[in-house]
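Okay, target-v8.pdb now, which holds PDB, C-alpha atoms, pLDDT in the B column:
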MODEL        1
ATOM      1  CA  MET A  24     142.017  76.207  63.410  1.00 62.00           C
ATOM      2  CA  LYS A  25     138.698  74.467  64.167  1.00 65.00           C
ATOM      3  CA  ARG A  26     139.894  73.809  67.681  1.00 67.00           C
ATOM      4  CA  LEU A  27     140.716  77.508  68.176  1.00 56.00           C
ATOM      5  CA  LEU A  28     137.261  78.535  66.913  1.00 54.00           C
ATOM      6  CA  THR A  29     135.580  75.990  69.180  1.00 68.00           C
ATOM      7  CA  ILE A  30     137.526  77.187  72.227  1.00 69.00           C
ATOM      8  CA  THR A  31     136.733  80.826  71.349  1.00 65.00           C
ATOM      9  CA  ALA A  32     133.028  80.055  70.904  1.00 55.00           C
ATOM     10  CA  VAL A  33     132.870  78.214  74.245  1.00 58.00           C
ATOM     11  CA  PHE A  34     134.688  81.093  75.960  1.00 59.00           C
ATOM     12  CA  VAL A  35     132.339  83.729  74.486  1.00 56.00           C
ATOM     13  CA  LEU A  36     129.280  81.667  75.431  1.00 56.00           C
ATOM     14  CA  ALA A  37     130.538  81.177  78.999  1.00 58.00           C
ATOM     15  CA  LEU A  38     131.298  84.890  79.302  1.00 55.00           C
ATOM     16  CA  CYS A  39     127.827  85.825  78.061  1.00 57.00           C
ATOM     17  CA  LEU A  40     126.065  83.418  80.400  1.00 54.00           C
ATOM     18  CA  SER A  41     128.024  84.566  83.439  1.00 58.00           C
ATOM     19  CA  SER A  42     127.342  88.248  82.800  1.00 57.00           C
ATOM     20  CA  CYS A  43     123.677  87.966  81.858  1.00 60.00           C
ATOM     21  CA  GLU A  44     122.325  88.802  85.318  1.00 66.00           C
ATOM     22  CA  LYS A  45     119.155  90.823  85.055  1.00 74.00           C
ATOM     23  CA  TYR A  46     118.964  94.144  86.857  1.00 74.00           C
ATOM     24  CA  VAL A  47     115.747  94.534  88.830  1.00 79.00           C
ATOM     25  CA  LEU A  48     114.487  98.101  89.087  1.00 91.00           C
ATOM     26  CA  PRO A  49     113.975  98.860  92.806  1.00 94.00           C
ATOM     27  CA  GLU A  50     110.397  99.597  93.856  1.00 96.00           C
ATOM     28  CA  LEU A  51     109.186 101.088  97.125  1.00 97.00           C
ATOM     29  CA  ASN A  52     105.682 102.436  97.653  1.00 97.00           C
ATOM     30  CA  LEU A  53     103.423 103.020 100.625  1.00 97.00           C
ATOM     31  CA  GLU A  54      99.704 102.455 100.907  1.00 97.00           C
ATOM     32  CA  ALA A  55      99.329 106.050 102.160  1.00 96.00           C
ATOM     33  CA  ASP A  56     101.502 109.110 102.547  1.00 95.00           C
ATOM     34  CA  ALA A  57      99.671 110.325 105.669  1.00 95.00           C
ATOM     35  CA  ILE A  58      97.649 108.889 108.559  1.00 94.00           C
ATOM     36  CA  LEU A  59      95.197 110.915 110.623  1.00 92.00           C
ATOM     37  CA  PHE A  60      94.511 109.543 114.094  1.00 90.00           C
ATOM     38  CA  ALA A  61      91.534 110.554 116.236  1.00 87.00           C
ATOM     39  CA  PRO A  62      92.379 113.289 118.772  1.00 87.00           C
ATOM     40  CA  GLY A  63      93.344 112.317 122.297  1.00 81.00           C
ATOM     41  CA  MET A  64      93.331 108.547 121.828  1.00 82.00           C
ATOM     42  CA  THR A  65      96.029 105.899 122.127  1.00 85.00           C
ATOM     43  CA  VAL A  66      95.632 103.888 118.930  1.00 90.00           C
ATOM     44  CA  SER A  67      97.573 102.134 116.190  1.00 93.00           C
ATOM     45  CA  ALA A  68      97.253 101.540 112.451  1.00 94.00           C
ATOM     46  CA  ASP A  69      99.024  99.469 109.822  1.00 97.00           C
ATOM     47  CA  VAL A  70     100.550 100.858 106.630  1.00 97.00           C
ATOM     48  CA  LYS A  71     101.301  98.484 103.764  1.00 98.00           C
ATOM     49  CA  VAL A  72     104.731  98.610 102.154  1.00 98.00           C
ATOM     50  CA  PHE A  73     104.996  97.484  98.532  1.00 98.00           C
ATOM     51  CA  SER A  74     108.620  96.738  97.684  1.00 97.00           C
ATOM     52  CA  ASN A  75     110.995  94.362  95.959  1.00 96.00           C
ATOM     53  CA  VAL A  76     114.052  95.475  97.974  1.00 96.00           C
ATOM     54  CA  LYS A  77     115.198  95.882 101.568  1.00 97.00           C
ATOM     55  CA  TRP A  78     113.763  98.926 103.352  1.00 98.00           C
ATOM     56  CA  GLU A  79     113.987 100.650 106.721  1.00 98.00           C
ATOM     57  CA  VAL A  80     111.908 103.105 108.721  1.00 97.00           C
ATOM     58  CA  ALA A  81     113.350 106.112 110.530  1.00 95.00           C
ATOM     59  CA  TYR A  82     112.103 109.314 112.102  1.00 93.00           C
ATOM     60  CA  LYS A  83     112.464 112.528 110.129  1.00 92.00           C
ATOM     61  CA  THR A  84     111.145 114.311 113.206  1.00 82.00           C
ATOM     62  CA  GLN A  85     111.649 112.431 116.472  1.00 83.00           C
ATOM     63  CA  SER A  86     108.707 111.957 118.857  1.00 85.00           C
ATOM     64  CA  ASP A  87     107.982 110.019 122.018  1.00 85.00           C
ATOM     65  CA  ALA A  88     104.283 110.056 121.108  1.00 87.00           C
ATOM     66  CA  VAL A  89     104.715 107.974 117.924  1.00 90.00           C
ATOM     67  CA  THR A  90     106.350 104.557 117.627  1.00 92.00           C
ATOM     68  CA  PHE A  91     106.608 102.081 114.766  1.00 95.00           C
ATOM     69  CA  SER A  92     107.383  98.431 114.246  1.00 97.00           C
ATOM     70  CA  PRO A  93     109.240  96.830 112.534  1.00 97.00           C
ATOM     71  CA  ASP A  94     112.073  99.230 111.796  1.00 96.00           C
ATOM     72  CA  SER A  95     113.097  97.336 108.651  1.00 97.00           C
ATOM     73  CA  GLY A  96     111.995  94.668 106.216  1.00 97.00           C
ATOM     74  CA  GLU A  97     112.451  93.191 102.774  1.00 97.00           C
ATOM     75  CA  GLY A  98     109.811  92.956 100.076  1.00 97.00           C
ATOM     76  CA  ASP A  99     106.166  93.668 100.828  1.00 98.00           C
ATOM     77  CA  GLY A 100     105.281  94.181 104.467  1.00 97.00           C
ATOM     78  CA  LEU A 101     103.354  96.069 107.130  1.00 97.00           C
ATOM     79  CA  ILE A 102     104.470  98.870 109.414  1.00 97.00           C
ATOM     80  CA  THR A 103     102.429  99.282 112.586  1.00 97.00           C
ATOM     81  CA  ILE A 104     102.245 102.907 113.733  1.00 95.00           C
ATOM     82  CA  SER A 105     101.189 103.553 117.345  1.00 93.00           C
ATOM     83  CA  VAL A 106     100.394 106.898 118.941  1.00 91.00           C
ATOM     84  CA  THR A 107      99.916 107.828 122.577  1.00 87.00           C
ATOM     85  CA  ALA A 108      97.270 110.229 123.842  1.00 77.00           C
ATOM     86  CA  SER A 109      99.764 113.092 123.434  1.00 81.00           C
ATOM     87  CA  PRO A 110      99.109 115.234 120.357  1.00 78.00           C
ATOM     88  CA  ASP A 111     101.866 115.414 117.781  1.00 83.00           C
ATOM     89  CA  THR A 112     102.659 115.551 114.070  1.00 89.00           C
ATOM     90  CA  VAL A 113     105.547 113.345 113.028  1.00 92.00           C
ATOM     91  CA  THR A 114     107.121 112.460 109.709  1.00 94.00           C
ATOM     92  CA  LEU A 115     108.727 109.081 109.106  1.00 95.00           C
ATOM     93  CA  TYR A 116     111.010 108.038 106.277  1.00 95.00           C
ATOM     94  CA  VAL A 117     110.583 104.652 104.667  1.00 97.00           C
ATOM     95  CA  ARG A 118     113.658 104.208 102.529  1.00 97.00           C
ATOM     96  CA  SER A 119     115.588 101.722 100.489  1.00 95.00           C
ATOM     97  CA  GLU A 120     119.087 102.109  99.144  1.00 92.00           C
ATOM     98  CA  THR A 121     117.879 104.430  96.353  1.00 94.00           C
ATOM     99  CA  ILE A 122     114.278 105.437  97.178  1.00 96.00           C
ATOM    100  CA  ARG A 123     112.837 107.467 100.054  1.00 97.00           C
ATOM    101  CA  LYS A 124     109.147 107.919 100.872  1.00 97.00           C
ATOM    102  CA  GLU A 125     107.679 110.126 103.594  1.00 96.00           C
ATOM    103  CA  LEU A 126     104.833 109.106 105.864  1.00 95.00           C
ATOM    104  CA  THR A 127     103.209 111.879 107.903  1.00 94.00           C
ATOM    105  CA  ILE A 128     101.479 110.950 111.156  1.00 93.00           C
ATOM    106  CA  LEU A 129      98.839 113.469 112.280  1.00 91.00           C
ATOM    107  CA  HIS A 130      97.543 113.197 115.815  1.00 86.00           C
ATOM    108  CA  PRO A 131      95.779 116.461 116.752  1.00 86.00           C
ATOM    109  CA  ALA A 132      95.016 117.699 120.236  1.00 83.00           C
ATOM    110  CA  VAL A 133      91.525 117.361 121.670  1.00 79.00           C
ATOM    111  CA  GLU A 134      89.699 120.628 121.232  1.00 75.00           C
ATOM    112  CA  ASP A 135      88.216 122.060 124.399  1.00 63.00           C
ATOM    113  CA  ILE A 136      84.684 123.044 123.468  1.00 62.00           C
ATOM    114  CA  SER A 137      83.114 124.747 126.399  1.00 64.00           C
ATOM    115  CA  TYR A 138      80.296 127.222 126.269  1.00 61.00           C
TER     116      TYR A 138
ENDMDL
END
Take the structure in the file and write it out as structure tokens.
Amino acid sequence: MKRLLTITAVFVLALCLSSCEKYVLPELNLEADAILFAPGMTVSADVKVFSNVKWEVAYKTQSDAVTFSPDSGEGDGLITISVTASPDTVTLYVRSETIRKELTILHPAVEDISY
């Protein structure tokens, strides 16, 4: 009887230890939800990603005037956004398996001020 109780106790303990993995709540945040670039310039800027999971970047609205790098990462990181001299407004998704954030890139046209 003691032997049966000992075997049962060892089995229950082993089962508990093997199934005691902690679930980590996914986090994904961006330093900003929009970036405004100066009109008519070819420039770039970095956006910080705060995360504890894998993430990827994708266009919501495609544009040849806006590029980004890298297109994916894991944990905290930086996304470099580059714009050409062409004006455009573009939205990017930064998403994990369960979270999606939008990043709007504003790059207005140069206003022609002539009198």
Answer key for the PyMOL selection byres ((chain A and resi 133) around 7), residues as a PyMOL selection string: chain A and resi 62-63+131-132+134-135
Atomic separation - atom CA of Leu48 of chain A relative to atom CA of Asp99 of chain A, Å: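 Atom CA of Leu48 of chain A lies 15.1 Å from atom CA of Asp99 of chain A.
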Nearby residues (all atoms listed in the file) at most 9 Å from Gln85 of chain A, same-chain spacing under 5 positions excluded, as a list in words: Val113, Thr114 and Leu115 of chain A
Selected residue, from A:Arg123, A:Lys83, A:His130, A:Arg118, that lies nearest to Ser105 of chain A when counting all atoms listed in the file: A:His130
Nearest candidate to Thr90 of chain A (options A:Ile122, A:Ile102, A:Val76, A:Leu53; using all atoms listed in the file):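 The shortest atom-to-atom distance to Thr90 of chain A comes from A:Ile102.
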Two-atom distance - atom CA of Asn52 of chain A, atom CA of Thr84 of chain A (Å): 20.3 Å
